[in-house]
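Asks: Data: entry.cif, mmCIF, C-alpha atoms and all ligand atoms.
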```
data_run
#
loop_
_atom_site.label_atom_id
_atom_site.label_comp_id
_atom_site.auth_asym_id
_atom_site.auth_seq_id
_atom_site.Cartn_x
_atom_site.Cartn_y
_atom_site.Cartn_z
CA MET H 1 14.26 -81.20 -90.27
CA LYS H 2 11.05 -79.55 -89.06
CA PHE H 3 9.62 -80.03 -85.59
CA LYS H 4 6.46 -77.94 -85.94
CA ASN H 5 4.01 -80.48 -84.53
CA SER H 6 6.32 -81.45 -81.67
CA GLU H 7 6.63 -77.79 -80.78
CA LYS H 8 2.85 -77.38 -80.86
CA LEU H 9 2.33 -80.40 -78.61
CA TYR H 10 5.09 -79.22 -76.32
CA GLN H 11 3.29 -75.90 -75.82
CA GLN H 12 0.01 -77.75 -75.15
CA GLY H 13 1.77 -80.20 -72.86
CA LEU H 14 3.21 -77.42 -70.74
CA GLU H 15 -0.25 -76.47 -69.64
CA HIS H 16 -1.22 -79.69 -67.86
CA LEU H 17 1.96 -81.75 -67.61
CA VAL H 18 5.06 -80.76 -65.73
CA GLY H 19 7.49 -79.52 -68.36
CA ALA H 20 5.35 -81.45 -70.87
CA VAL H 21 7.06 -84.69 -69.80
CA ASN H 22 6.36 -87.48 -67.35
CA SER H 23 10.00 -88.14 -66.57
CA PRO H 24 12.66 -85.41 -66.44
CA VAL H 25 15.16 -87.37 -68.55
CA ARG H 26 12.80 -86.83 -71.49
CA ALA H 27 13.13 -83.07 -71.26
CA PHE H 28 15.87 -81.56 -73.40
CA ALA H 29 17.18 -79.49 -70.49
CA SER H 30 20.88 -80.04 -71.13
CA VAL H 31 20.84 -80.02 -74.93
CA GLY H 32 18.49 -77.07 -75.46
CA GLY H 33 15.42 -76.97 -77.68
CA ASN H 34 12.15 -78.73 -77.00
CA PRO H 35 11.50 -82.43 -76.48
CA LEU H 36 10.23 -84.40 -79.45
CA PHE H 37 6.86 -86.13 -79.40
CA ILE H 38 6.95 -89.63 -80.81
CA LYS H 39 4.07 -90.99 -82.88
CA LYS H 40 5.12 -94.59 -83.39
CA GLY H 41 7.91 -97.09 -83.65
CA LYS H 42 8.67 -100.21 -85.67
CA GLY H 43 11.80 -102.30 -85.55
CA SER H 44 14.91 -100.17 -85.09
CA LYS H 45 13.12 -96.91 -85.92
CA ILE H 46 10.73 -94.40 -84.46
CA ILE H 47 8.73 -91.62 -86.14
CA ASP H 48 7.89 -88.32 -84.50
CA VAL H 49 4.67 -86.33 -84.87
CA ASP H 50 6.26 -84.37 -87.76
CA ASN H 51 6.92 -87.67 -89.55
CA ASN H 52 10.68 -87.43 -89.06
CA LYS H 53 12.20 -90.90 -88.92
CA TYR H 54 15.00 -91.83 -86.54
CA ILE H 55 17.12 -94.85 -85.77
CA ASP H 56 16.38 -95.34 -82.09
CA TYR H 57 19.28 -95.65 -79.65
CA VAL H 58 17.10 -94.71 -76.66
CA LEU H 59 14.80 -97.74 -76.80
CA SER H 60 12.78 -96.31 -73.92
CA TYR H 61 16.05 -96.23 -71.92
CA GLY H 62 16.62 -99.92 -72.39
CA PRO H 63 13.44 -102.02 -72.35
CA MET H 64 12.93 -102.26 -76.12
CA ILE H 65 15.89 -104.56 -76.66
CA LEU H 66 14.08 -106.41 -79.49
CA GLY H 67 13.21 -103.13 -81.20
CA HIS H 68 9.67 -101.78 -81.46
CA ARG H 69 6.63 -103.95 -82.02
CA ASN H 70 8.34 -107.30 -82.11
CA LYS H 71 5.89 -109.78 -83.67
CA ASN H 72 6.09 -112.43 -80.96
CA VAL H 73 5.76 -109.92 -78.15
CA GLU H 74 2.79 -108.36 -79.86
CA LYS H 75 1.11 -111.74 -80.31
CA ALA H 76 1.66 -112.57 -76.64
CA ILE H 77 0.18 -109.25 -75.53
CA GLN H 78 -2.87 -109.68 -77.74
CA LYS H 79 -3.46 -113.17 -76.41
CA ALA H 80 -3.15 -111.97 -72.82
CA LEU H 81 -5.52 -109.04 -73.47
CA ARG H 82 -8.32 -111.39 -74.44
CA ASN H 83 -8.18 -113.02 -70.99
CA GLY H 84 -8.56 -109.81 -69.03
CA TYR H 85 -6.10 -107.27 -67.70
CA THR H 86 -5.64 -107.78 -63.99
CA PHE H 87 -7.34 -109.80 -61.26
CA GLY H 88 -5.79 -109.24 -57.87
CA ALA H 89 -5.02 -112.96 -57.86
CA SER H 90 -2.16 -115.05 -59.16
CA THR H 91 -1.91 -116.15 -62.79
CA LYS H 92 0.11 -118.92 -64.44
CA ASN H 93 2.38 -116.57 -66.36
CA GLU H 94 3.82 -115.08 -63.16
CA ILE H 95 5.32 -118.51 -62.41
CA LYS H 96 6.55 -118.82 -65.99
CA LEU H 97 8.40 -115.49 -65.92
CA ALA H 98 9.74 -116.24 -62.43
CA LYS H 99 11.12 -119.55 -63.71
CA ILE H 100 12.93 -117.80 -66.57
CA VAL H 101 14.41 -115.23 -64.19
CA CYS H 102 15.53 -117.83 -61.62
CA ALA H 103 17.09 -120.02 -64.33
CA ALA H 104 19.03 -117.05 -65.73
CA PHE H 105 20.31 -115.88 -62.33
CA PRO H 106 21.80 -118.67 -60.18
CA THR H 107 21.78 -116.30 -57.18
CA ILE H 108 17.98 -116.02 -57.34
CA ASP H 109 15.86 -118.82 -55.87
CA LYS H 110 12.73 -116.73 -55.54
CA VAL H 111 11.62 -113.51 -57.12
CA ARG H 112 8.96 -110.87 -56.38
CA PHE H 113 7.56 -108.85 -59.27
CA VAL H 114 6.80 -105.16 -58.81
CA ASN H 115 5.97 -102.34 -61.23
CA SER H 116 9.20 -100.42 -61.75
CA GLY H 117 12.92 -100.44 -61.14
CA THR H 118 12.46 -97.84 -58.42
CA GLU H 119 10.09 -100.14 -56.58
CA ALA H 120 12.41 -103.14 -57.01
CA VAL H 121 15.32 -101.25 -55.48
CA LEU H 122 13.47 -99.69 -52.58
CA SER H 123 12.06 -103.11 -51.72
CA ALA H 124 15.53 -104.68 -51.97
CA LEU H 125 16.85 -102.11 -49.48
CA ARG H 126 14.04 -102.87 -47.07
CA LEU H 127 14.78 -106.57 -47.47
CA ALA H 128 18.51 -106.12 -46.82
CA ARG H 129 17.69 -104.15 -43.69
CA ALA H 130 15.15 -106.75 -42.56
CA PHE H 131 17.61 -109.59 -43.14
CA THR H 132 20.64 -108.00 -41.46
CA GLY H 133 18.82 -106.03 -38.78
CA LYS H 134 21.00 -103.05 -39.70
CA ASP H 135 20.06 -99.63 -41.06
CA LYS H 136 22.78 -98.04 -43.16
CA ILE H 137 23.41 -98.54 -46.85
CA ILE H 138 26.24 -97.51 -49.13
CA LYS H 139 25.68 -96.33 -52.67
CA PHE H 140 28.16 -95.12 -55.26
CA SER H 141 28.34 -91.61 -56.55
CA GLY H 142 26.89 -91.43 -60.07
CA CYS H 143 24.89 -94.65 -59.78
CA TYR H 144 21.16 -94.23 -60.19
CA HIS H 145 18.80 -96.62 -58.45
CA GLY H 146 15.43 -95.01 -59.05
CA HIS H 147 13.85 -92.08 -57.26
CA SER H 148 13.12 -93.41 -53.78
CA ASP H 149 14.08 -91.00 -51.00
CA ALA H 150 17.01 -92.92 -49.55
CA LEU H 151 18.76 -93.17 -52.91
CA LEU H 152 18.32 -89.67 -54.25
CA VAL H 153 21.80 -88.62 -53.21
CA ALA H 154 24.77 -88.37 -55.54
CA ALA H 155 22.62 -90.12 -58.15
CA GLY H 156 23.34 -90.02 -61.88
CA SER H 157 20.85 -90.00 -64.77
CA GLY H 158 18.45 -87.05 -64.74
CA LEU H 159 20.05 -85.57 -61.64
CA ALA H 160 23.45 -85.52 -63.34
CA THR H 161 21.92 -84.06 -66.48
CA LEU H 162 20.19 -81.30 -64.55
CA SER H 163 23.21 -80.84 -62.25
CA LEU H 164 21.07 -81.37 -59.17
CA PRO H 165 22.92 -82.49 -56.03
CA GLY H 166 19.94 -84.53 -54.92
CA SER H 167 16.34 -83.53 -54.65
CA LYS H 168 14.29 -81.13 -52.64
CA GLY H 169 11.57 -82.73 -50.58
CA VAL H 170 13.79 -85.53 -49.31
CA PRO H 171 13.87 -85.23 -45.51
CA GLU H 172 17.24 -85.46 -43.79
CA GLY H 173 16.01 -88.50 -41.93
CA ALA H 174 15.49 -90.38 -45.19
CA VAL H 175 19.11 -90.02 -46.30
CA LYS H 176 20.88 -90.04 -42.96
CA ASN H 177 21.47 -93.76 -43.36
CA THR H 178 22.81 -93.45 -46.90
CA LEU H 179 26.60 -93.36 -47.24
CA ILE H 180 28.33 -92.46 -50.50
CA ALA H 181 31.37 -94.23 -51.96
CA ASN H 182 33.32 -93.72 -55.20
CA TYR H 183 32.84 -96.12 -58.09
CA ASN H 184 35.86 -98.40 -58.63
CA ASP H 185 37.27 -97.40 -55.25
CA LEU H 186 37.09 -100.18 -52.66
CA GLU H 187 38.98 -98.08 -50.13
CA SER H 188 36.12 -95.56 -50.08
CA VAL H 189 33.80 -98.44 -49.12
CA LYS H 190 36.14 -99.75 -46.44
CA LYS H 191 36.34 -96.33 -44.83
CA HIS H 192 32.59 -96.39 -44.18
CA PHE H 193 32.68 -99.90 -42.73
CA GLU H 194 35.54 -98.91 -40.44
CA LYS H 195 33.46 -96.05 -39.11
CA HIS H 196 30.02 -97.68 -38.93
CA ASP H 197 29.01 -101.08 -37.60
CA ASP H 198 25.40 -100.89 -38.75
CA ILE H 199 25.74 -101.15 -42.54
CA ALA H 200 23.12 -103.48 -44.00
CA ALA H 201 24.08 -103.39 -47.65
CA VAL H 202 26.07 -101.92 -50.48
CA ILE H 203 24.15 -101.25 -53.69
CA ILE H 204 25.82 -100.90 -57.07
CA GLU H 205 25.20 -100.79 -60.80
CA PRO H 206 27.55 -103.62 -61.91
CA ILE H 207 28.14 -101.81 -65.18
CA ALA H 208 27.20 -98.21 -64.55
CA GLY H 209 24.89 -96.74 -67.17
CA ASN H 210 23.46 -93.70 -65.47
CA MET H 211 26.55 -91.48 -65.50
CA GLY H 212 27.17 -92.54 -69.07
CA VAL H 213 28.66 -96.00 -69.41
CA VAL H 214 31.35 -96.62 -66.79
CA LEU H 215 32.94 -100.04 -66.48
CA PRO H 216 33.98 -101.79 -63.29
CA GLN H 217 37.77 -101.99 -63.30
CA GLY H 218 39.70 -105.21 -62.78
CA ASN H 219 38.41 -107.28 -59.87
CA PHE H 220 36.57 -104.39 -58.24
CA LEU H 221 33.19 -106.13 -58.09
CA LYS H 222 34.54 -109.48 -56.87
CA GLU H 223 36.61 -107.82 -54.18
CA LEU H 224 33.66 -105.65 -53.21
CA LYS H 225 31.43 -108.71 -52.79
CA ALA H 226 33.98 -110.57 -50.67
CA TYR H 227 34.64 -107.53 -48.50
CA VAL H 228 30.98 -106.62 -47.99
CA ASN H 229 30.09 -110.20 -47.01
CA SER H 230 33.06 -110.37 -44.64
CA LYS H 231 31.40 -107.48 -42.79
CA ASN H 232 28.10 -109.39 -42.57
CA ALA H 233 26.47 -107.01 -45.03
CA LEU H 234 24.75 -107.79 -48.33
CA LEU H 235 25.65 -106.79 -51.87
CA ILE H 236 22.65 -105.57 -53.83
CA VAL H 237 23.42 -105.74 -57.53
CA ASP H 238 21.11 -103.37 -59.38
CA GLU H 239 20.67 -105.01 -62.77
CA VAL H 240 17.61 -102.98 -63.72
CA MET H 241 19.56 -101.79 -66.77
CA THR H 242 22.00 -104.66 -67.32
CA GLY H 243 19.75 -107.66 -66.61
CA PHE H 244 19.13 -109.63 -69.82
CA ARG H 245 20.87 -106.79 -71.66
CA SER H 246 24.59 -107.26 -71.03
CA LYS H 247 24.08 -111.03 -71.10
CA PHE H 248 21.05 -113.26 -70.54
CA GLY H 249 22.15 -113.73 -66.93
CA GLY H 250 23.02 -110.04 -66.69
CA ALA H 251 26.31 -108.54 -65.59
CA GLN H 252 26.55 -111.33 -63.03
CA GLU H 253 26.92 -113.95 -65.76
CA LEU H 254 29.11 -111.72 -67.90
CA LEU H 255 31.53 -110.78 -65.13
CA GLY H 256 31.31 -113.93 -63.04
CA ILE H 257 30.10 -112.10 -59.96
CA THR H 258 27.36 -112.99 -57.49
CA ALA H 259 24.75 -110.87 -55.78
CA ASP H 260 23.03 -111.34 -52.47
CA ILE H 261 19.99 -109.49 -53.79
CA THR H 262 19.41 -108.70 -57.47
CA CYS H 263 17.17 -105.93 -58.81
CA LEU H 264 15.66 -106.20 -62.29
CA GLY H 265 13.41 -104.07 -64.48
CA LYS H 266 13.41 -102.52 -67.95
CA VAL H 267 13.98 -105.52 -70.32
CA ILE H 268 12.01 -108.01 -68.18
CA GLY H 269 8.77 -106.14 -68.89
CA GLY H 270 9.24 -106.05 -72.66
CA GLY H 271 8.04 -102.42 -72.71
CA PHE H 272 5.49 -102.68 -69.90
CA PRO H 273 5.93 -101.54 -66.30
CA VAL H 274 7.71 -104.36 -64.48
CA GLY H 275 10.44 -104.56 -61.89
CA ALA H 276 11.63 -107.47 -59.79
CA TYR H 277 13.87 -108.31 -56.90
CA GLY H 278 15.18 -111.72 -56.05
CA ALA H 279 17.63 -113.57 -53.86
CA ARG H 280 18.36 -116.96 -52.32
CA ASN H 281 15.58 -118.61 -50.31
CA GLU H 282 16.98 -117.66 -46.93
CA ILE H 283 16.67 -113.97 -47.81
CA MET H 284 13.44 -114.04 -49.80
CA GLU H 285 11.65 -115.92 -47.04
CA MET H 286 11.76 -112.65 -45.07
CA VAL H 287 9.20 -111.19 -47.50
CA ALA H 288 5.46 -111.27 -46.69
CA PRO H 289 3.51 -113.55 -46.74
CA LEU H 290 6.37 -115.91 -45.78
CA GLY H 291 8.05 -113.39 -43.50
CA ASP H 292 7.61 -110.08 -41.78
CA MET H 293 8.99 -107.68 -44.39
CA TYR H 294 5.96 -106.08 -45.98
CA GLN H 295 5.82 -105.22 -49.67
CA ALA H 296 2.77 -105.29 -51.91
CA GLY H 297 1.26 -104.04 -55.18
CA THR H 298 -2.20 -103.87 -56.75
CA LEU H 299 -0.85 -104.39 -60.27
CA SER H 300 2.29 -106.38 -59.43
CA GLY H 301 2.74 -109.34 -61.77
CA ASN H 302 0.28 -107.76 -64.18
CA PRO H 303 -0.83 -110.33 -66.78
CA ILE H 304 -0.14 -108.14 -69.83
CA ALA H 305 3.30 -107.18 -68.56
CA MET H 306 4.11 -110.80 -67.69
CA ALA H 307 3.14 -111.89 -71.21
CA ALA H 308 5.34 -109.19 -72.78
CA GLY H 309 8.21 -110.12 -70.48
CA ILE H 310 7.99 -113.84 -71.19
CA ALA H 311 7.89 -113.25 -74.95
CA THR H 312 10.84 -110.85 -74.78
CA LEU H 313 13.04 -113.10 -72.65
CA THR H 314 12.12 -116.17 -74.68
CA ALA H 315 13.20 -114.39 -77.87
CA LEU H 316 16.47 -113.26 -76.24
CA LYS H 317 17.23 -116.76 -75.00
CA LYS H 318 16.67 -118.16 -78.48
CA GLN H 319 18.57 -115.45 -80.36
CA ASP H 320 21.47 -115.09 -77.91
CA PRO H 321 22.33 -111.66 -79.40
CA TYR H 322 25.06 -110.82 -76.89
CA GLU H 323 28.07 -111.60 -79.07
CA GLN H 324 26.49 -109.58 -81.86
CA PHE H 325 25.92 -106.68 -79.45
CA ASN H 326 29.61 -106.68 -78.60
CA GLU H 327 30.59 -106.65 -82.25
CA THR H 328 28.18 -103.84 -83.05
CA ALA H 329 29.41 -101.82 -80.08
CA ASN H 330 32.99 -102.36 -81.28
CA VAL H 331 32.04 -101.11 -84.74
CA LEU H 332 30.32 -98.05 -83.26
CA GLU H 333 33.33 -97.35 -81.07
CA ARG H 334 35.66 -97.50 -84.07
CA ILE H 335 33.41 -95.15 -86.01
CA LEU H 336 33.15 -92.67 -83.15
CA LEU H 337 36.93 -92.65 -82.58
CA ALA H 338 37.75 -92.39 -86.29
CA LYS H 339 35.38 -89.49 -86.88
CA ALA H 340 36.53 -87.71 -83.74
CA LYS H 341 40.12 -88.06 -84.91
CA LYS H 342 39.22 -86.85 -88.40
CA TYR H 343 37.89 -83.58 -86.98
CA ASN H 344 40.30 -83.40 -84.08
CA VAL H 345 37.62 -83.71 -81.36
CA ALA H 346 38.69 -85.26 -78.06
CA ILE H 347 36.45 -88.14 -76.99
CA GLU H 348 36.55 -91.25 -74.84
CA VAL H 349 34.23 -94.10 -75.73
CA ASN H 350 33.00 -96.49 -73.05
CA HIS H 351 30.98 -99.52 -73.97
CA PHE H 352 29.99 -102.85 -72.56
CA GLY H 353 27.76 -105.17 -74.51
CA SER H 354 24.78 -103.28 -75.79
CA MET H 355 25.46 -100.06 -73.84
CA ILE H 356 27.79 -97.46 -75.30
CA ASN H 357 28.44 -93.74 -75.31
CA PRO H 358 31.14 -91.23 -76.12
CA PHE H 359 32.29 -88.72 -73.51
CA PHE H 360 33.58 -85.40 -74.81
CA THR H 361 36.84 -85.42 -72.89
CA ASP H 362 40.39 -86.65 -73.43
CA LYS H 363 40.65 -88.52 -70.12
CA ALA H 364 39.58 -92.04 -69.24
CA ILE H 365 36.28 -92.23 -67.36
CA THR H 366 36.17 -94.61 -64.40
CA ASN H 367 33.91 -92.75 -62.00
CA PHE H 368 31.33 -89.98 -61.69
CA GLN H 369 33.80 -87.21 -60.96
CA GLU H 370 35.68 -87.98 -64.16
CA ALA H 371 32.46 -88.29 -66.15
CA GLN H 372 31.46 -84.81 -65.00
CA GLN H 373 34.57 -83.35 -66.62
CA SER H 374 32.98 -84.00 -70.03
CA ASP H 375 32.10 -81.04 -72.22
CA THR H 376 28.31 -81.05 -72.21
CA LYS H 377 28.17 -78.12 -74.64
CA LYS H 378 29.93 -80.26 -77.22
CA PHE H 379 27.50 -83.06 -76.50
CA ALA H 380 24.56 -80.71 -77.11
CA ILE H 381 25.89 -79.76 -80.55
CA PHE H 382 26.58 -83.41 -81.33
CA PHE H 383 23.11 -84.44 -80.15
CA TRP H 384 21.20 -82.00 -82.34
CA GLU H 385 23.27 -82.78 -85.42
CA MET H 386 22.50 -86.47 -84.86
CA ILE H 387 18.78 -85.70 -84.49
CA ASN H 388 18.86 -83.65 -87.68
CA ASN H 389 20.41 -86.63 -89.43
CA GLY H 390 17.84 -89.12 -88.21
CA ILE H 391 19.52 -90.59 -85.14
CA PHE H 392 17.63 -90.54 -81.83
CA LEU H 393 19.98 -90.46 -78.82
CA PRO H 394 19.31 -89.85 -75.14
CA PRO H 395 19.37 -86.04 -74.68
CA SER H 396 22.20 -86.15 -72.15
CA GLN H 397 25.94 -86.72 -71.96
CA PHE H 398 25.27 -88.92 -68.95
CA GLU H 399 23.00 -91.57 -70.44
CA ALA H 400 23.95 -94.75 -72.27
CA TRP H 401 22.95 -95.39 -75.87
CA PHE H 402 21.24 -98.75 -76.23
CA LEU H 403 21.47 -101.30 -79.03
CA SER H 404 18.58 -103.48 -80.16
CA THR H 405 18.65 -106.87 -81.86
CA VAL H 406 17.09 -105.38 -85.00
CA LEU H 407 19.73 -102.72 -85.64
CA SER H 408 20.84 -103.41 -89.22
CA GLU H 409 24.06 -102.79 -91.13
CA LYS H 410 22.18 -100.15 -93.05
CA ASP H 411 21.28 -98.48 -89.76
CA ILE H 412 24.95 -98.50 -88.75
CA ASP H 413 25.95 -96.98 -92.12
CA LYS H 414 23.41 -94.23 -91.62
CA THR H 415 24.65 -93.71 -88.07
CA GLU H 416 28.22 -93.43 -89.34
CA LYS H 417 27.25 -90.69 -91.80
CA ALA H 418 25.46 -88.81 -89.05
CA ILE H 419 28.42 -89.15 -86.68
CA ASP H 420 30.68 -87.70 -89.37
CA LYS H 421 28.47 -84.62 -89.65
CA ALA H 422 28.00 -84.33 -85.90
CA MET H 423 31.75 -84.46 -85.15
CA LYS H 424 32.31 -81.86 -87.84
CA ALA H 425 29.69 -79.65 -86.21
CA VAL H 426 31.41 -80.07 -82.83
CA ALA H 427 34.76 -79.16 -84.37
CA ASN H 428 33.24 -76.02 -85.91
CA MET H 429 31.33 -74.85 -82.84
C1 LIG X 501 16.24 -97.21 -64.72
C2 LIG X 501 16.92 -97.68 -63.52
C3 LIG X 501 16.27 -97.74 -62.28
C4 LIG X 501 14.87 -97.21 -62.06
O1 LIG X 501 13.93 -97.92 -62.81
P1 LIG X 501 12.50 -97.23 -63.08
O2 LIG X 501 11.73 -98.29 -63.79
O3 LIG X 501 12.79 -96.03 -63.93
O4 LIG X 501 11.91 -96.87 -61.79
C5 LIG X 501 16.95 -98.27 -61.20
N1 LIG X 501 18.21 -98.71 -61.33
C6 LIG X 501 18.88 -98.67 -62.50
C7 LIG X 501 20.26 -99.19 -62.58
C8 LIG X 501 18.26 -98.13 -63.63
O5 LIG X 501 18.93 -98.05 -64.78
#
```
Please go through the file and, once you have read it, give me the structure as C-alpha cells.
Ligand SMILES: *Cc1c(COP(=O)(O)O)cnc(C)c1O
Replies:
Amino acid sequence: MKFKNSEKLYQQGLEHLVGAVNSPVRAFASVGGNPLFIKKGKGSKIIDVDNNKYIDYVLSYGPMILGHRNKNVEKAIQKALRNGYTFGASTKNEIKLAKIVCAAFPTIDKVRFVNSGTEAVLSALRLARAFTGKDKIIKFSGCYHGHSDALLVAAGSGLATLSLPGSKGVPEGAVKNTLIANYNDLESVKKHFEKHDDIAAVIIEPIAGNMGVVLPQGNFLKELKAYVNSKNALLIVDEVMTGFRSKFGGAQELLGITADITCLGKVIGGGFPVGAYGARNEIMEMVAPLGDMYQAGTLSGNPIAMAAGIATLTALKKQDPYEQFNETANVLERILLAKAKKYNVAIEVNHFGSMINPFFTDKAITNFQEAQQSDTKKFAIFFWEMINNGIFLPPSQFEAWFLSTVLSEKDIDKTEKAIDKAMKAVANM
C-alpha cells in the first residue's frame, strides 16, 4: 500500500496545524508512521487520499454507527440545510430529539443539548456540585471524560496512548477536588468517602472504552450507585460512548443500572457536534433559565446536528441492531482468539455490544493498571499490518474498535484474512 499523498498532506499540515491533527488521538504517536488523510467514506468503508480503501472500525470514534453517508441521515441534513443553519432561538427539532432521548433513558426527564461530550461532562459536574452543594468528585483511573481541567487526571484515551500522566496547563486548583478510584474496585471509592464529607459525585464510564474495552464486573455498578447515593452524592454515568451504542437506552438499559445524571454525545449527533446531559426534573431544574446553575452555548441544539441526530436515532430504533452487534462481536472475538492461537500470540479480547478490542497480554483486563501491561509494540505491528490489508483501526492499544450496522459478512471475511496476516506479523516480530 502506498501513502504518498497522505505523507504530502501530513508535511503540509505540520506547518499550520499542531502535529497535522485536530485531536491527538488521530496522530499515530504510539504506532509509528504518519497519520492517514481520509478523502471520503460510504457505508462500512473509507478511502484515503491515495485511494486506499479500508473497512472502518474507527467510525469517527463511535458516532458513525450507521456507517458513512446513511441515506436517511443525508436526506434529513439536506432538508434542514434549506431552512438555515442556526438562529440563536429554539427550533422544533430540539424538542423532537429531546423526546427521543428522554424516552430511551427513564432516568432523564429533561435534557440540555451542548456541542461535545467534553461540554456535556463538564456541565454535568457543575450540575452535581450545584445540586449537592459539595465540591469534590471521584473519577476512575483509565476513564476518559473529555478534556476539561478537572477531569484530565488519570484519564485514558489519548493520554494513555501518549503515556501522559495528565496535562500541563491544568492548575493545581482545578484538580484538587478530583479524587481517583480504581475501576471495578468499590473499596477504593469507599476509602475516599470515609476521608471526605464533601463529595458531590462519582463519574464513571459504565462500560469503559477509553482504556480499551473494560467491562464492569458483577454487580459493581449497582453497588456503586447504591453506595454513592447512601452518601448523599450523585452518580454521573458518562454514556458519551455507550449511549445508543451498547443498547438504545445505553449501558443503563443493558445493565439495568440507573444514573442520577447521564452524559451523552457521539451517536446522538449522527456525525455532527452534539453532546447532552440529562437527569430527573429535580436536578435539571437547577439549570438556567429555571435555576441558578449557568450553562450556555451559541450553537447548542444546532438545527443541522439535531436533524442528523434524529435521523440516526430513528434508524437505530427501527433497526434494533444490538443483538446483531453482539453476534458480530462474538464472531470477531472468535477470529481474534483463533488466529492468536494459530501463531502463538498471547491476547485477551474484551467486548461488549458494538465495542471490542484485543489486548496483547495473557492476563484478564479489569482495570487501567492491567490494561497498561499490554504490549504496545505488538499492537503497533498488528495495527500496520491491518492497515496494509485494508482495515482501519484506532491507532492505539487503548481505544475500542467500533462496529456499524452496515458491516457485512464480506467485510468480516476480509477482516479475518487481515487478522491472520497481522497475527503472523506479530509472531514474527
Ligand atoms: C469521547 C468521550 C468524551 C468526550 O467527548 P468529545 O465529544 O470528544 O468531547 C467523554 N466521555 C466519554 C466516555 C467519551 O468516550
Asks: Return as a short mmCIF file (atom, residue, chain, number, x, y, z; two decimals) with C-alpha atoms, keeping the file's coordinate frame every polymer residue, whether protein, DNA or RNA, with at least one atom no more than 7 Å from an atom of ligand LIG 501 (chain X); count all atoms listed in the file.
Replies:
```
data_model
loop_
_atom_site.label_atom_id
_atom_site.label_comp_id
_atom_site.auth_asym_id
_atom_site.auth_seq_id
_atom_site.Cartn_x
_atom_site.Cartn_y
_atom_site.Cartn_z
CA SER H 116 9.20 -100.42 -61.75
CA GLY H 117 12.92 -100.44 -61.14
CA THR H 118 12.46 -97.84 -58.42
CA GLU H 119 10.09 -100.14 -56.58
CA VAL H 121 15.32 -101.25 -55.48
CA TYR H 144 21.16 -94.23 -60.19
CA HIS H 145 18.80 -96.62 -58.45
CA GLY H 146 15.43 -95.01 -59.05
CA HIS H 147 13.85 -92.08 -57.26
CA GLU H 205 25.20 -100.79 -60.80
CA GLY H 209 24.89 -96.74 -67.17
CA ASN H 210 23.46 -93.70 -65.47
CA ASP H 238 21.11 -103.37 -59.38
CA GLU H 239 20.67 -105.01 -62.77
CA VAL H 240 17.61 -102.98 -63.72
CA MET H 241 19.56 -101.79 -66.77
CA GLY H 265 13.41 -104.07 -64.48
CA LYS H 266 13.41 -102.52 -67.95
CA GLY H 275 10.44 -104.56 -61.89
#
```
Asks: Tell me, in Å to one decimal, how far CA of Ile236 (chain H) is from CA of Ile203 (chain H).
Replies: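 One can read the CA of Ile236 (chain H) to CA of Ile203 (chain H) distance as 4.6 Å.
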Asks: Rounded to one decimal place, report the CA of Glu282 (chain H)-CA of Met306 (chain H) distance in Å.
Replies: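 Here the two named atoms are 25.4 Å from each other.
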Asks: Work out how far CA of Phe382 (chain H) is from CA of Asp420 (chain H), in Å to one decimal.
Replies: 10.0 Å
Asks: Nearest to Arg334 (chain H): which of H:Val58, H:Ile387, H:Ile365, H:Ile419 is it, counting all atoms listed in the file?
Replies: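 Of H:Val58, H:Ile387, H:Ile365, H:Ile419, the one nearest Arg334 (chain H) is H:Ile419, counting all atoms listed in the file.
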Asks: Find, counting all atoms listed in the file, the residue in H:Ser408, H:Val49, H:Lys421, H:Ser188 that gets nearest to Ile381 (chain H).
Replies: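 Looking only at the distances to Ile381 (chain H), the closest residue turns out to be H:Lys421.
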Asks: Have a look at H:Met64, H:Ala233, H:Ala181, H:Val426 and name the one nearest to Asp197 (chain H); count all atoms listed in the file.
Replies: H:Ala233
Asks: Which residue is closest to Gln369 (chain H)? Choose from H:Leu255, H:Ala154, H:Leu9, H:Met1 and count only C-alpha atoms.
Replies: H:Ala154
Asks: Taking into account all atoms listed in the file, which residue in the set H:Asp320, H:Asp109, H:Asp292, H:Asp413 is nearest to Arg280 (chain H)?
Replies: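 Closest to Arg280 (chain H), using all atoms listed in the file: H:Asp109.
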Asks: Mind checking which residues fall within 12 Å of Thr314 (chain H), counting all atoms listed in the file, ignoring those fewer than 2 positions away in the same chain, and posting them as an MDAnalysis selection string?
Replies: chainID H and resid 66 72:73 76 96:97 99:101 104 244 248 267:268 270 306:312 316:320
